[in-house]
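Colleague: Take a look at the following structure, please.
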Amino acid sequence: MDDHTSWVYKILSTLGVLLHISFIDFPKDVFRWITRREKDISDSVVVVTGAGSGLGRKMAFYFAVKRKARVALIDVNEVGLRECCAEIDNEGGEARSWVADIRDHTNLNTVADEIDIEMGPVSIVVCNAAVLYFGAFLDLKTDEIQRAMDINVMGTINTIRAFLPKMEQRNSGQIVTVSSIAGFAGETYGLAYCPTKFAVRGVMECLQMELRDRGLDGIVCTTLCPYFARTPMILNVGMRPTSTWIPFMSISSCARLMVSAILEEQTLAFIPSPISVIALTKSFCTRSVLLSLRDYLNCRYDPPADYQTTRVLKKMANYFRSVHPVWWVIIPPALLINFIAFYNPNLLRVIPTVGPLIADFSVANPQILRYTNLFALAAHAGEGLLALGLSVSSGNSFATSFKWFVQTFIMGFPSLRMILGYKKAGKGKKKSK
């Protein structure tokens, strides 16, 4: 056997894996991506937890009505389960429900056995059930955090462990968990939610590696990471996610994309797909860059109107003032004339009286014009960057800071003096508090 600690083995292993990745793994993944299609699950048994409301309810509807699967619904919400079953039955689908608390692993194991006996082998298990508590780090109650951990993490583990044994016996099936983009990015007010979704993602990676190492390649693992949708879980706590680019999704569109990702047997699916950029860039960003990109995306949770806390969040400002019109009349034309005098002084001869004088001076002294233009460019660029730094440090938004940079780059000191005065006034207010 090769000594895995020897340099010969390390070099050969490195060359071997590069060869494998280049000519086997990458082409195989590209081919799979190109040919990926939704699988047929008609008459298959699909289990959905948390099916009494929100995304679970809508996914169950799509599985049963649109894909003709036989759906087993699990939730603690008996009323919601009845309503979901009625909706599916009215559309010609087939669904049965079981009232169960996924924290109770014994009861969940019994439910799994009943589903197997009464409906047949389970093809897909969607671990969707979760709870959400919203609050600042020190405002959340300990029992709220514990309940979130018990349901979102242990409930998911209990569900997988209840249905996995029979899948292992057949080496066939699909385990699906609903993590979140919050499973990649912790956020303010997210102590009782984000860590649980990080954990769900870790659970699935552990399971995926174990199944692979045991040769159980017939069992597919899918982790869904949706952005926030308008579910009762979110709306009932009064939370309003905001973002510059990412919309607050409807339940229907989010559930439809989730079902499609499941049936395509994706390993890790972001809903909608563009939010994968958040996860991909985190590993390559420095701390300051990461914080700036987070502020740019503006992925925050707006607290409800009645949320009471002494821990008030800092908000971005939007202070911007234009310099006096007189400066706009003087400075930009002067800079333009200075540039034309260096680039093509003869163009200035059309200006009465002064134009020919400037043109003659420029032709006779080209070096002076070169230096004055370079000095103006360097000075205005430096002033613009300084204004940008002052604006950012004053708490202005990126859009406002950009306006300060452009104005100061053009106008120079008159604009810089204004943002500098605002910065000093802001410091004075802070000291007086």
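By convention in this document, the chains of the structure tokens carry letters A, B, ... by their order, each chain's residues are numbered from 1, and ligands are numbered from 1 in the order they are shown.
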For region 326-337 of chain A, list every protein, DNA or RNA residue within 9 Å, evaluated using only C-alpha atoms, and leave out those in the same chain fewer than 2 positions away; present the list as a JSON list (two decimals) with C-alpha atoms, in the first residue's frame.

Modeller:
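Printed below is out-v9.json as written:
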```json
[["chain", "number", "residue", "atom", "x", "y", "z"],
["A", 323, "VAL", "CA", -22.74, 73.21, -4.24],
["A", 324, "HIS", "CA", -23.85, 76.76, -4.98],
["A", 339, "PHE", "CA", -8.07, 70.41, -20.94],
["A", 340, "ILE", "CA", -8.85, 71.77, -24.42],
["A", 341, "ALA", "CA", -5.90, 74.13, -24.15],
["A", 342, "PHE", "CA", -3.63, 71.12, -23.69],
["A", 345, "PRO", "CA", -5.61, 74.72, -28.22],
["A", 348, "LEU", "CA", -10.29, 77.87, -28.25],
["A", 373, "ASN", "CA", -4.08, 69.16, -16.12],
["A", 376, "ALA", "CA", -6.13, 69.18, -11.49],
["A", 410, "ILE", "CA", -15.92, 67.63, -10.59],
["A", 411, "MET", "CA", -16.16, 70.60, -8.23],
["A", 412, "GLY", "CA", -13.20, 69.99, -5.93],
["A", 414, "PRO", "CA", -16.27, 73.62, -2.52]]
```

Colleague: Name all residues at most 10 Å from Glu94 (chain A) (count only C-alpha atoms; drop same-chain ones fewer than 3 positions away) and give them as a PyMOL selection string.

Modeller: chain A and resi 43+45+61+63-65+68-72+85-86+88-91

Colleague: Just to confirm, what's the straight-line distance from CA of Ser250 (chain A) to CA of Lys58 (chain A) in Å (one decimal)?

Modeller: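 Straight-line distance from CA of Ser250 (chain A) to CA of Lys58 (chain A) works out to 10.8 Å.
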
Colleague: For a quick check of understanding, using only C-alpha atoms, which of A:Asp213, A:Pro272, A:Met167, A:Glu187 has the smallest distance to Ser260 (chain A)?

Modeller: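 Between A:Asp213, A:Pro272, A:Met167, A:Glu187, the residue approaching Ser260 (chain A) most closely is A:Pro272.
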
Colleague: Could you tell me how far CA of Leu280 (chain A) lies from CA of Phe184 (chain A), in Å and to one decimal?

Modeller: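 Computed distance, CA of Leu280 (chain A) to CA of Phe184 (chain A), equals 9.5 Å.
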
Colleague: Counting only C-alpha atoms, what is within 9 Å of Asn109 (chain A), bar same-chain residues fewer than 6 positions away, as a VMD selection string?

Modeller: chain A and resid 158 to 159 161 to 163

Colleague: Using only C-alpha atoms, please write the residues we just selected to a file, as a tab-separated table (two decimals), in the first residue's frame.

Modeller:
```
chain	number	residue	atom	x	y	z
A	158	ASN	CA	-35.94	12.91	13.75
A	159	THR	CA	-37.81	13.02	10.44
A	161	ARG	CA	-34.09	9.02	10.94
A	162	ALA	CA	-37.71	7.87	10.84
A	163	PHE	CA	-37.82	7.35	7.07
```

Colleague: Name the residues of region 234-301 of chain A that fall into helix (DSSP H, G or I) according to DSSP on the backbone, using the chain letters and numbers of this document, as JSON, numbers by chain.

Modeller: {"A": [234, 235, 251, 252, 253, 254, 255, 256, 257, 258, 259, 260, 261, 262, 263, 273, 274, 275, 276, 277, 278, 279, 280, 281, 282, 287, 288, 289, 290, 291, 292, 293, 294, 295, 296, 297]}

Colleague: Please determine, counting only C-alpha atoms, which residue among A:Arg103, A:Ala129, A:Arg67, A:Lys166 has the shortest atom-to-atom distance to Ile117 (chain A).

Modeller: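 Using only C-alpha atoms, the shortest distance to Ile117 (chain A) belongs to A:Lys166.
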